[in-house]
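So this one's coords02.cif, mmCIF, C-alpha atoms:
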data_start
#
loop_
_atom_site.label_atom_id
_atom_site.label_comp_id
_atom_site.auth_asym_id
_atom_site.auth_seq_id
_atom_site.Cartn_x
_atom_site.Cartn_y
_atom_site.Cartn_z
CA MET A 1 0.00 0.00 0.00
CA ALA A 2 1.31 3.45 -0.92
CA ILE A 3 1.33 6.26 1.60
CA GLU A 4 -2.07 7.99 1.45
CA ASN A 5 -2.94 11.56 2.37
CA LEU A 6 -6.45 11.14 3.71
CA LYS A 7 -6.58 14.84 4.56
CA GLN A 8 -4.18 17.42 3.18
CA SER A 9 -3.29 20.98 4.23
CA LYS A 10 -2.70 24.02 2.04
CA SER A 11 -0.15 23.72 -0.74
CA ASP A 12 3.42 24.90 -0.29
CA SER A 13 2.82 27.71 -2.81
CA GLU A 14 -0.14 29.05 -0.84
CA LYS A 15 1.91 28.99 2.36
CA ALA A 16 4.76 30.78 0.56
CA GLN A 17 2.42 33.60 -0.51
CA GLU A 18 1.38 34.12 3.11
CA ASP A 19 5.03 34.19 4.19
CA ALA A 20 5.83 36.83 1.56
CA LYS A 21 3.13 39.17 2.90
CA VAL A 22 4.45 38.83 6.44
CA ARG A 23 8.02 39.41 5.25
CA SER A 24 7.10 42.72 3.62
CA VAL A 25 5.25 44.06 6.67
CA VAL A 26 8.11 43.15 8.98
CA GLU A 27 10.76 44.73 6.76
CA THR A 28 8.90 48.04 6.70
CA THR A 29 8.26 48.01 10.44
CA LEU A 30 11.87 47.24 11.38
CA ALA A 31 13.08 50.09 9.19
CA ASP A 32 10.61 52.44 10.90
CA VAL A 33 11.78 51.48 14.41
CA GLU A 34 15.42 51.82 13.41
CA ALA A 35 14.79 55.27 11.96
CA ARG A 36 12.44 56.71 14.59
CA GLY A 37 13.15 54.66 17.71
CA ASP A 38 10.84 55.33 20.63
CA VAL A 39 8.47 57.40 18.51
CA ALA A 40 7.87 54.48 16.15
CA VAL A 41 7.55 52.03 19.04
CA ARG A 42 4.90 54.20 20.72
CA THR A 43 3.00 54.69 17.46
CA LEU A 44 2.93 50.95 16.83
CA SER A 45 1.89 50.18 20.40
CA GLU A 46 -0.98 52.66 20.15
CA LYS A 47 -2.04 51.23 16.78
CA PHE A 48 -1.95 47.51 17.61
CA ASP A 49 -2.43 47.39 21.38
CA GLY A 50 -4.13 50.68 22.21
CA TYR A 51 -1.46 51.16 24.84
CA SER A 52 0.67 54.26 25.41
CA PRO A 53 1.94 54.56 29.00
CA GLU A 54 4.35 57.17 30.23
CA ASN A 55 7.04 54.49 30.31
CA PHE A 56 6.90 51.04 28.71
CA ARG A 57 9.32 49.69 31.31
CA LEU A 58 7.67 48.64 34.56
CA SER A 59 9.03 50.16 37.75
CA PRO A 60 9.61 47.99 40.84
CA SER A 61 6.38 49.32 42.38
CA GLU A 62 4.43 48.52 39.20
CA ILE A 63 5.86 45.00 39.19
CA GLU A 64 4.83 44.54 42.81
CA ALA A 65 1.35 45.91 42.08
CA ALA A 66 0.89 43.50 39.19
CA MET A 67 2.04 40.54 41.26
CA GLN A 68 -0.43 41.43 44.00
CA LYS A 69 -3.22 40.74 41.49
CA VAL A 70 -2.13 37.11 41.01
CA SER A 71 -4.15 34.68 43.13
CA ASP A 72 -2.38 32.53 45.68
CA ARG A 73 -3.20 29.38 43.69
CA ASP A 74 -1.91 30.82 40.43
CA MET A 75 1.27 32.00 42.14
CA GLU A 76 1.78 28.56 43.66
CA ASP A 77 1.34 26.96 40.23
CA ILE A 78 3.80 29.37 38.62
CA LYS A 79 6.39 28.61 41.30
CA PHE A 80 5.86 24.86 40.88
CA ALA A 81 6.37 25.07 37.12
CA GLN A 82 9.48 27.20 37.53
CA ALA A 83 10.91 24.72 40.02
CA GLN A 84 10.60 21.90 37.44
CA ILE A 85 12.07 23.99 34.64
CA ARG A 86 14.91 25.25 36.84
CA ARG A 87 15.77 21.73 37.98
CA PHE A 88 16.14 20.45 34.42
CA ALA A 89 17.99 23.57 33.22
CA GLU A 90 20.45 23.28 36.11
CA ALA A 91 21.11 19.64 35.23
CA GLN A 92 21.74 20.67 31.62
CA ARG A 93 24.10 23.44 32.72
CA ALA A 94 26.03 21.02 34.92
CA SER A 95 26.58 18.78 31.89
CA MET A 96 28.46 21.58 30.09
CA GLN A 97 31.97 21.59 31.43
CA ASP A 98 34.89 23.89 30.71
CA ILE A 99 37.81 21.76 29.51
CA GLU A 100 41.58 22.04 29.29
CA VAL A 101 43.81 19.35 27.78
CA GLU A 102 47.51 19.00 26.97
CA THR A 103 47.49 17.66 23.40
CA LEU A 104 51.30 17.64 23.12
CA PRO A 105 53.92 18.30 25.79
CA GLY A 106 53.66 22.03 26.50
CA VAL A 107 50.60 22.61 24.23
CA ILE A 108 47.49 23.47 26.22
CA LEU A 109 44.06 23.73 24.55
CA GLY A 110 40.78 24.43 26.22
CA HIS A 111 37.36 26.00 26.04
CA ARG A 112 35.19 28.05 28.37
CA ASN A 113 31.41 28.30 28.35
CA ILE A 114 30.64 32.01 28.68
CA PRO A 115 27.10 33.42 29.00
CA VAL A 116 25.74 35.80 26.39
CA GLN A 117 25.94 39.21 28.06
CA SER A 118 22.43 40.49 27.33
CA VAL A 119 19.26 38.75 26.19
CA GLY A 120 15.82 39.99 25.18
CA CYS A 121 13.02 37.53 25.99
CA TYR A 122 9.75 37.94 24.11
CA VAL A 123 6.64 36.52 25.76
CA PRO A 124 3.54 36.33 23.52
CA GLY A 125 0.30 37.81 24.78
CA GLY A 126 -2.25 38.32 22.04
CA LYS A 127 -5.09 35.84 22.06
CA PHE A 128 -3.46 33.73 24.76
CA PRO A 129 -1.18 35.23 27.44
CA MET A 130 1.73 32.78 27.38
CA VAL A 131 2.80 32.81 31.02
CA ALA A 132 4.88 29.67 30.49
CA SER A 133 7.06 31.36 27.87
CA ALA A 134 8.48 33.58 30.58
CA HIS A 135 9.68 30.51 32.47
CA MET A 136 11.20 29.00 29.36
CA SER A 137 13.21 32.03 28.30
CA VAL A 138 13.83 34.25 31.33
CA LEU A 139 14.44 31.51 33.88
CA THR A 140 16.65 29.46 31.55
CA ALA A 141 18.76 32.52 30.75
CA SER A 142 19.08 33.15 34.47
CA VAL A 143 20.32 29.60 35.10
CA ALA A 144 22.88 30.14 32.33
CA GLY A 145 24.18 33.22 34.17
CA VAL A 146 23.22 35.93 31.66
CA PRO A 147 24.00 39.24 33.44
CA ARG A 148 21.30 41.33 31.73
CA ILE A 149 17.92 39.78 30.96
CA ILE A 150 15.14 41.98 29.64
CA ALA A 151 11.66 40.68 28.99
CA SER A 152 8.73 42.06 27.06
CA ALA A 153 5.10 41.06 26.61
CA PRO A 154 2.14 42.92 25.13
CA PRO A 155 -0.54 44.42 27.34
CA VAL A 156 -3.68 42.38 27.88
CA ASP A 157 -6.89 44.41 28.09
CA GLY A 158 -4.85 47.60 28.19
CA ALA A 159 -2.61 46.67 31.12
CA PRO A 160 0.35 44.48 32.04
CA HIS A 161 -0.73 40.86 32.47
CA PRO A 162 -0.20 40.12 36.20
CA ALA A 163 0.76 36.45 35.85
CA ILE A 164 3.21 37.16 33.02
CA VAL A 165 4.83 39.93 35.05
CA ALA A 166 5.08 37.59 38.04
CA ALA A 167 6.66 34.84 35.94
CA MET A 168 9.16 37.27 34.43
CA HIS A 169 10.11 38.70 37.81
CA LEU A 170 10.37 35.35 39.59
CA GLY A 171 12.32 33.97 36.64
CA GLY A 172 15.01 36.61 37.04
CA ALA A 173 14.28 39.40 34.55
CA HIS A 174 16.26 42.57 35.24
CA GLU A 175 14.03 44.81 33.08
CA ILE A 176 10.36 44.23 32.22
CA TYR A 177 8.62 46.02 29.35
CA VAL A 178 4.98 46.04 28.29
CA LEU A 179 5.41 45.92 24.53
CA GLY A 180 4.20 43.44 21.96
CA GLY A 181 4.73 42.32 18.41
CA ILE A 182 7.34 43.50 15.95
CA GLN A 183 7.87 46.73 17.89
CA ALA A 184 8.98 44.83 21.01
CA VAL A 185 11.43 42.60 19.16
CA ALA A 186 12.77 45.56 17.15
CA ALA A 187 13.23 47.76 20.22
CA MET A 188 15.12 45.06 22.10
CA ALA A 189 17.36 44.19 19.16
CA LEU A 190 18.00 47.63 17.66
CA GLY A 191 17.73 49.75 20.79
CA THR A 192 16.03 53.09 21.24
CA ASP A 193 16.71 56.19 23.31
CA THR A 194 15.21 54.43 26.35
CA ILE A 195 16.06 50.76 25.69
CA ASP A 196 19.64 49.54 25.36
CA PRO A 197 19.97 46.88 22.66
CA VAL A 198 20.61 43.25 23.54
CA HIS A 199 22.99 40.70 22.06
CA MET A 200 20.39 37.95 21.60
CA LEU A 201 16.63 37.53 21.12
CA VAL A 202 14.70 34.50 22.33
CA GLY A 203 11.12 33.36 22.72
CA PRO A 204 8.21 32.29 20.54
CA GLY A 205 5.70 34.54 18.84
CA ASN A 206 3.30 34.83 15.95
CA ALA A 207 4.37 34.82 12.31
CA PHE A 208 5.33 38.51 12.45
CA VAL A 209 7.51 38.12 15.54
CA ALA A 210 9.18 35.03 14.06
CA GLU A 211 9.89 36.88 10.80
CA ALA A 212 11.24 39.89 12.68
CA LYS A 213 13.70 37.63 14.50
CA ARG A 214 14.70 36.08 11.18
CA GLN A 215 15.39 39.47 9.61
CA LEU A 216 17.31 40.66 12.68
CA TYR A 217 19.47 37.54 12.85
CA GLY A 218 23.08 38.49 12.32
CA ARG A 219 22.69 41.86 13.99
CA VAL A 220 21.75 39.90 17.08
CA GLY A 221 21.73 36.20 17.87
CA ILE A 222 18.45 34.34 18.10
CA ASP A 223 17.44 31.09 19.73
CA LEU A 224 15.99 29.53 16.57
CA PHE A 225 13.61 30.15 13.70
CA ALA A 226 10.24 29.47 15.29
CA GLY A 227 7.02 29.93 13.36
CA PRO A 228 3.46 28.84 14.19
CA THR A 229 3.29 25.86 16.52
CA GLU A 230 3.18 22.41 14.92
CA THR A 231 2.00 19.13 16.40
CA MET A 232 2.27 15.61 15.08
CA VAL A 233 0.73 12.47 16.50
CA ILE A 234 2.30 9.16 15.50
CA ALA A 235 -0.15 6.46 16.54
CA ASP A 236 -1.14 2.88 15.90
CA ASP A 237 -4.15 0.91 17.06
CA THR A 238 -2.90 0.77 20.66
CA VAL A 239 -4.69 4.11 21.24
CA ASP A 240 -8.10 5.47 20.32
CA ALA A 241 -9.42 8.35 18.24
CA GLU A 242 -10.48 10.48 21.22
CA LEU A 243 -6.91 10.64 22.49
CA CYS A 244 -5.49 11.45 19.04
CA ALA A 245 -8.11 14.08 18.23
CA THR A 246 -7.73 15.77 21.61
CA ASP A 247 -3.96 16.00 21.24
CA LEU A 248 -4.18 17.38 17.70
CA LEU A 249 -6.74 20.07 18.56
CA GLY A 250 -4.93 20.93 21.79
CA GLN A 251 -2.21 22.53 19.68
CA ALA A 252 -4.32 23.62 16.69
CA GLU A 253 -6.02 26.17 18.96
CA HIS A 254 -2.78 28.19 19.12
CA GLY A 255 -3.55 30.06 15.89
CA TYR A 256 -5.29 29.92 12.53
CA ASN A 257 -2.14 28.57 10.88
CA SER A 258 -0.94 25.93 13.38
CA PRO A 259 -0.22 22.68 11.53
CA ALA A 260 -1.51 19.44 13.05
CA CYS A 261 -0.75 16.03 11.56
CA LEU A 262 -1.71 12.45 12.31
CA ILE A 263 0.53 9.69 10.98
CA THR A 264 -0.85 6.20 11.47
CA ASN A 265 -0.83 2.69 10.05
CA SER A 266 -4.45 2.13 11.06
CA ARG A 267 -7.09 3.14 8.51
CA ARG A 268 -9.78 2.80 11.14
CA LEU A 269 -7.93 5.10 13.57
CA ALA A 270 -7.37 7.65 10.79
CA HIS A 271 -11.06 7.88 9.86
CA ASP A 272 -12.22 7.72 13.47
CA THR A 273 -9.86 10.55 14.41
CA ILE A 274 -11.17 12.76 11.60
CA SER A 275 -14.73 12.11 12.82
CA GLU A 276 -13.77 12.74 16.44
CA ILE A 277 -12.11 16.04 15.52
CA ASP A 278 -15.32 17.12 13.78
CA ARG A 279 -17.27 16.26 16.95
CA LEU A 280 -14.86 18.04 19.31
CA LEU A 281 -14.90 21.17 17.17
CA THR A 282 -18.62 21.54 17.91
CA ILE A 283 -17.94 21.85 21.66
CA LEU A 284 -14.41 23.27 21.95
CA PRO A 285 -14.51 26.89 23.21
CA THR A 286 -11.53 27.73 20.99
CA CYS A 287 -13.12 26.06 17.97
CA GLU A 288 -12.99 29.17 15.78
CA THR A 289 -9.21 29.14 15.77
CA ALA A 290 -8.74 25.38 15.95
CA SER A 291 -11.16 24.68 13.10
CA ALA A 292 -9.37 27.13 10.80
CA SER A 293 -6.04 25.49 11.58
CA TRP A 294 -7.41 22.01 11.05
CA ARG A 295 -9.18 22.99 7.82
CA ASP A 296 -6.15 24.68 6.24
CA TYR A 297 -3.17 23.07 7.98
CA GLY A 298 -4.38 19.64 9.09
CA ASP A 299 -2.99 16.42 7.61
CA VAL A 300 -3.85 12.76 8.07
CA ILE A 301 -1.30 10.42 6.54
CA LEU A 302 -1.93 6.68 6.33
CA CYS A 303 1.13 4.44 6.10
CA ASP A 304 1.56 0.71 5.79
CA THR A 305 4.44 0.14 8.21
CA HIS A 306 6.19 1.76 11.16
CA ASP A 307 9.24 2.29 8.96
CA GLU A 308 7.12 4.37 6.58
CA MET A 309 5.66 6.31 9.49
CA LEU A 310 9.16 7.00 10.80
CA ASN A 311 10.42 8.21 7.42
CA VAL A 312 7.46 10.54 6.90
CA ALA A 313 7.82 11.95 10.42
CA ASN A 314 11.56 12.58 10.04
CA ASP A 315 10.97 14.25 6.67
CA MET A 316 8.28 16.58 8.03
CA ALA A 317 10.42 17.40 11.11
CA TYR A 318 7.56 18.82 13.19
CA GLU A 319 7.95 20.82 16.38
CA HIS A 320 5.99 18.58 18.77
CA VAL A 321 5.92 14.86 18.01
CA GLN A 322 3.69 12.72 20.20
CA VAL A 323 4.36 8.98 19.86
CA MET A 324 1.68 6.54 21.02
CA THR A 325 2.52 3.12 19.64
CA ASP A 326 3.54 -0.38 20.65
CA ARG A 327 7.21 0.63 20.09
CA ASP A 328 7.75 4.10 21.55
CA ALA A 329 11.38 3.38 22.50
CA TRP A 330 12.06 2.40 18.88
CA TYR A 331 10.88 5.84 17.73
CA LEU A 332 13.03 7.52 20.39
CA GLU A 333 16.05 5.68 18.99
CA LYS A 334 15.23 6.26 15.30
CA MET A 335 13.77 9.78 15.22
CA HIS A 336 16.37 12.40 14.26
CA SER A 337 14.48 15.48 13.07
CA TYR A 338 11.94 17.09 15.42
CA GLY A 339 11.56 19.70 18.12
CA ALA A 340 10.64 17.55 21.13
CA LEU A 341 9.31 14.02 21.59
CA PHE A 342 6.43 13.08 23.87
CA LEU A 343 6.47 9.34 24.42
CA GLY A 344 3.47 7.25 25.40
CA ALA A 345 -0.21 7.82 25.94
CA ARG A 346 0.37 9.16 29.48
CA THR A 347 2.51 11.98 28.08
CA ASN A 348 1.16 15.04 26.30
CA VAL A 349 2.41 18.22 24.67
CA ALA A 350 0.48 20.50 27.04
CA ASN A 351 2.52 19.24 30.01
CA GLY A 352 5.68 19.97 28.05
CA ASP A 353 4.38 23.42 27.19
CA LYS A 354 3.57 24.42 30.74
CA VAL A 355 5.09 22.48 33.59
CA ILE A 356 7.01 19.23 33.15
CA GLY A 357 10.43 20.91 32.94
CA THR A 358 11.65 20.71 29.34
CA ASN A 359 11.69 23.88 27.27
CA HIS A 360 8.75 24.63 24.99
CA THR A 361 10.52 27.01 22.60
CA LEU A 362 11.17 24.59 19.76
CA PRO A 363 12.12 24.57 16.05
CA THR A 364 9.37 24.67 13.43
CA LYS A 365 9.21 24.65 9.62
CA LYS A 366 11.67 21.75 9.42
CA ALA A 367 14.34 23.56 11.44
CA GLY A 368 14.47 20.45 13.63
CA ARG A 369 16.68 18.97 10.91
CA TYR A 370 19.57 21.17 12.06
CA THR A 371 18.79 22.49 15.54
CA GLY A 372 17.14 21.52 18.77
CA GLY A 373 15.04 23.81 20.92
CA LEU A 374 15.88 26.52 23.41
CA TRP A 375 17.88 25.26 26.38
CA VAL A 376 20.42 26.58 28.83
CA GLY A 377 23.22 25.91 26.33
CA LYS A 378 21.73 28.41 23.85
CA PHE A 379 22.68 31.19 26.26
CA LEU A 380 26.27 29.99 26.51
CA LYS A 381 29.03 30.60 23.98
CA THR A 382 31.79 28.01 23.89
CA HIS A 383 35.07 29.86 23.35
CA SER A 384 38.36 28.09 22.77
CA TYR A 385 41.82 29.19 23.91
CA GLN A 386 45.39 28.00 23.36
CA ARG A 387 48.57 28.30 25.36
CA ILE A 388 52.13 27.07 24.56
CA GLU A 389 54.21 26.64 27.67
CA THR A 390 57.62 25.39 26.47
CA ASP A 391 60.21 26.47 23.93
CA GLU A 392 60.28 22.99 22.43
CA ALA A 393 56.51 23.01 21.83
CA ALA A 394 56.66 26.50 20.28
CA SER A 395 59.38 25.31 17.90
CA THR A 396 57.69 22.02 16.96
CA ILE A 397 54.26 23.51 16.32
CA GLY A 398 55.85 26.49 14.60
CA GLU A 399 57.67 24.34 12.03
CA TYR A 400 54.49 22.49 11.09
CA GLY A 401 52.50 25.73 11.07
CA SER A 402 55.04 27.48 8.85
CA ARG A 403 55.01 24.79 6.21
CA LEU A 404 51.22 24.52 6.23
CA CYS A 405 50.87 28.29 5.84
CA MET A 406 53.20 28.27 2.84
CA LEU A 407 51.21 25.38 1.36
CA GLU A 408 48.37 27.88 1.07
CA GLY A 409 50.58 30.79 0.02
CA PHE A 410 50.24 32.78 3.26
CA VAL A 411 53.77 34.18 3.72
CA GLY A 412 52.77 36.56 6.51
CA HIS A 413 51.09 33.74 8.37
CA ALA A 414 54.22 31.63 7.98
CA GLU A 415 56.40 34.37 9.42
CA GLN A 416 54.28 34.39 12.59
CA CYS A 417 55.38 30.78 13.02
CA ASN A 418 58.96 31.35 11.80
CA ILE A 419 59.79 34.08 14.29
CA ARG A 420 58.87 31.78 17.15
CA VAL A 421 60.92 28.91 15.74
CA ARG A 422 63.93 31.22 15.52
CA ARG A 423 63.33 32.79 18.92
CA TYR A 424 62.37 29.76 20.97
CA GLY A 425 63.92 26.90 18.98
CA GLY A 426 67.16 28.53 17.91
CA LYS A 427 66.58 27.33 14.34
CA ASN A 428 67.09 29.30 11.18
CA ILE A 429 63.73 29.08 9.45
CA ALA A 430 62.25 31.34 6.82
CA TYR A 431 59.33 31.20 4.46
CA GLY A 432 58.05 27.85 5.55
CA LYS A 433 61.13 25.66 5.15
CA ALA A 434 63.52 24.79 7.93
CA ALA A 435 67.20 25.18 7.06
CA GLU A 436 68.81 21.85 6.22
#

Please express what this file holds, its structure, as structure tokens.
Amino acid sequence: MAIENLKQSKSDSEKAQEDAKVRSVVETTLADVEARGDVAVRTLSEKFDGYSPENFRLSPSEIEAAMQKVSDRDMEDIKFAQAQIRRFAEAQRASMQDIEVETLPGVILGHRNIPVQSVGCYVPGGKFPMVASAHMSVLTASVAGVPRIIASAPPVDGAPHPAIVAAMHLGGAHEIYVLGGIQAVAAMALGTDTIDPVHMLVGPGNAFVAEAKRQLYGRVGIDLFAGPTETMVIADDTVDAELCATDLLGQAEHGYNSPACLITNSRRLAHDTISEIDRLLTILPTCETASASWRDYGDVILCDTHDEMLNVANDMAYEHVQVMTDRDAWYLEKMHSYGALFLGARTNVANGDKVIGTNHTLPTKKAGRYTGGLWVGKFLKTHSYQRIETDEAASTIGEYGSRLCMLEGFVGHAEQCNIRVRRYGGKNIAYGKAAE
């Protein structure tokens, strides 16, 4: 049996047209912020968020006032989630060791893991205030030891969102801004009269935020290219349609263009899941968004074997991949292109998004083929160093270096080596060849 697409999303050309429109808007907006700074930022905030405070940065008293609005239960839940995320991030940080080795007598090589010096963390607000994104970016940067962490999120109903502010503050943000969209990302990356620019941008966002980060990459570092959330369910007949449909729609509600895909070797499960999705969409409070995503970006792919399912999944390289089969460990071993794996029917993407401890900022649009998601290591730069401690080592390495430089025609390079051979080895060497 050939692989069948029982339900197919928009074509690649249609998706490319949408991307081109976003690209144009972002390019114009970034140029405006770069040219007009705070004036442009305020204009954009008024236009898109209806928000124009005296100062976009929250003062300590404003942070405290916002946190006072968070209920005790919500605050307890935020602290619990941050404890899980901190525990895993600290374990990851401990795995990254500075090293120093003596590769030859007197030749010392090493590397140090140095934190990025300033990071801007974007936390989406919009339709859904993404409290968890503050944990994932701000707290993880804090564990990495970043000395300046600024965080920004759009206003919700014309004011700072209390729970987001609390999560940012508890996570370790040094500066908190109430700004959203392209203007927030642009202000943090480019700087304005009131906001010093950062060295790196992190955090998820809508298509416009993701495109702004892409266009700013190079001027600043970014965590990864992250577009609309994607979810994939790989399932066989060990699970039922209700579970598959619930997990697909649980992510499709993120936005109108959030891809959701079922890959299965069970024709019955495929058709039952499509029917169950139709049923759930009649009762899901977020059905307006989820139904648009499922209509335009939903896929159901029927395969014959697990090997086919694996190959399709690796080729699509989705952000979230939920595996519910009779061989979950096999998929863990064989999968190589994805954002994060969620193994077994007891596991789900929502737990990964909010509380379990792994980071939810993950690669989309097939970026999982070449990068993993945000983690403590993204905030660390591994820098090498070299040190030669003996005259003999300087002479030995210098002779090899001189000849290899001349092999490529770099006479000036060779002389850097030669002068050390003459000075520390007492040998007459010039232009890459030792005297006979």

_Top pick for closest residue to Met188 in chain A, considering A:Val220, A:Ala173, A:Cys244, A:Leu139 and counting all atoms listed in the file_ =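 Looking only at the distances to Met188 in chain A, the closest residue turns out to be A:Val220.
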
*Mind giving me the straight-line distance from CA of Ala134 in chain A to CA of Pro204 in chain A in Å, one decimal?*
10.1 Å

*Computed interatomic separation between CA of Asp157 in chain A and CA of Val25 in chain A (Å)*: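 Between these atoms lies a distance of 24.6 Å.
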
*So, counting only C-alpha atoms, which residue among A:Arg420, A:His271, A:His336, A:Arg148 is closest to Asp299 in chain A?*
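Distance minimum relative to Asp299 in chain A lands on A:His271.
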
*Using all atoms listed in the file, pick whichever of A:His254, A:Arg57, A:Arg214, A:Arg219 has the shortest atom-to-atom distance to Thr194 in chain A.*
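Once distances to Thr194 in chain A are computed over all atoms listed in the file, the minimum belongs to A:Arg57.
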
_When you count only C-alpha atoms, which of these residues is closest to Val376 in chain A: A:Glu288, A:Glu253, A:Glu76, A:Glu90?_
A:Glu90

*Between A:Tyr318, A:Tyr256, A:Tyr400, A:Phe342, which is the closest to Thr289 in chain A once you count all atoms listed in the file?*
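The closest residue to Thr289 in chain A is A:Tyr256.
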
*When the PyMOL selection byres ((chain A and resi 340) around 7) is applied to the file above, which residues end up in the set, as a VMD selection string?*
chain A and resid 319 to 321 338 to 339 341 to 342

Output of the above residues as a PDB file, keeping the file's coordinate frame, restricted to C-alpha atoms:
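That gives us result-v1.pdb:
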ATOM      1  CA  GLU A 319       7.950  20.820  16.380  1.00  0.00           C
ATOM      2  CA  HIS A 320       5.990  18.580  18.770  1.00  0.00           C
ATOM      3  CA  VAL A 321       5.920  14.860  18.010  1.00  0.00           C
ATOM      4  CA  TYR A 338      11.940  17.090  15.420  1.00  0.00           C
ATOM      5  CA  GLY A 339      11.560  19.700  18.120  1.00  0.00           C
ATOM      6  CA  LEU A 341       9.310  14.020  21.590  1.00  0.00           C
ATOM      7  CA  PHE A 342       6.430  13.080  23.870  1.00  0.00           C
TER       8      PHE A 342
END

*List the neighbours of range 164-171 of chain A out to 10 Å using all atoms listed in the file; skip same-chain residues closer than 2 positions along the sequence, and give me the result as JSON, numbers by chain.*
{"A": [58, 60, 62, 63, 64, 65, 66, 67, 68, 69, 70, 75, 78, 79, 81, 82, 83, 86, 121, 123, 124, 125, 129, 130, 131, 132, 133, 134, 135, 136, 137, 138, 139, 140, 141, 142, 143, 149, 150, 151, 152, 153, 154, 155, 160, 161, 162, 173, 174, 175, 176, 177, 178]}

*Taking the file as shown, find all residues satisfying the PyMOL selection byres ((chain A and resi 26-39) around 7) and write them as a list in words.*
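Expected selection for the PyMOL selection byres ((chain A and resi 26-39) around 7) here is Val22, Arg23, Ser24, Val25, Ala40, Val41, Arg42, Thr43, Ala186, Leu190, Thr192, Asp193, Phe208, Glu211 and Ala212 of chain A.
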
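The smallest atom-to-atom distance between His383 in chain A and any of A:Glu46, A:Ser61, A:Val107, A:Pro115, using all atoms listed in the file, is found for A:Pro115.
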
*asked:* Just the number, please: distance in Å from CA of Asp12 in chain A to CA of Arg369 in chain A, one decimal.
replied: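 CA of Asp12 in chain A sits 18.3 Å away from CA of Arg369 in chain A.
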
*asked:* At a cut-off of 9 Å around the point (49.3, 29.8, 23.2) (file coordinates), what residues fall inside when counting all atoms listed in the file? I'd like the answer as a PyMOL selection string.
replied: chain A and resi 107-109+385-389+394

Expected residue set, 6 Å radius at (-9.7, 7.0, 17.5), only C-alpha atoms, as a PDB file with C-alpha atoms, keeping the file's coordinate frame:
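So part.pdb came out as:
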ATOM      1  CA  ASP A 240      -8.100   5.470  20.320  1.00  0.00           C
ATOM      2  CA  ALA A 241      -9.420   8.350  18.240  1.00  0.00           C
ATOM      3  CA  GLU A 242     -10.480  10.480  21.220  1.00  0.00           C
ATOM      4  CA  LEU A 269      -7.930   5.100  13.570  1.00  0.00           C
ATOM      5  CA  ASP A 272     -12.220   7.720  13.470  1.00  0.00           C
ATOM      6  CA  THR A 273      -9.860  10.550  14.410  1.00  0.00           C
TER       7      THR A 273
END

For the file shown, what are the residues hit by the PyMOL selection byres ((chain A and resi 251) around 8), laid out as a PDB file with C-alpha atoms, keeping the file's coordinate frame?
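This is the output file part_16.pdb:
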ATOM      1  CA  THR A 229       3.290  25.860  16.520  1.00  0.00           C
ATOM      2  CA  GLU A 230       3.180  22.410  14.920  1.00  0.00           C
ATOM      3  CA  THR A 231       2.000  19.130  16.400  1.00  0.00           C
ATOM      4  CA  ASP A 247      -3.960  16.000  21.240  1.00  0.00           C
ATOM      5  CA  LEU A 248      -4.180  17.380  17.700  1.00  0.00           C
ATOM      6  CA  LEU A 249      -6.740  20.070  18.560  1.00  0.00           C
ATOM      7  CA  GLY A 250      -4.930  20.930  21.790  1.00  0.00           C
ATOM      8  CA  ALA A 252      -4.320  23.620  16.690  1.00  0.00           C
ATOM      9  CA  GLU A 253      -6.020  26.170  18.960  1.00  0.00           C
ATOM     10  CA  HIS A 254      -2.780  28.190  19.120  1.00  0.00           C
ATOM     11  CA  SER A 258      -0.940  25.930  13.380  1.00  0.00           C
ATOM     12  CA  ALA A 260      -1.510  19.440  13.050  1.00  0.00           C
TER      13      ALA A 260
END
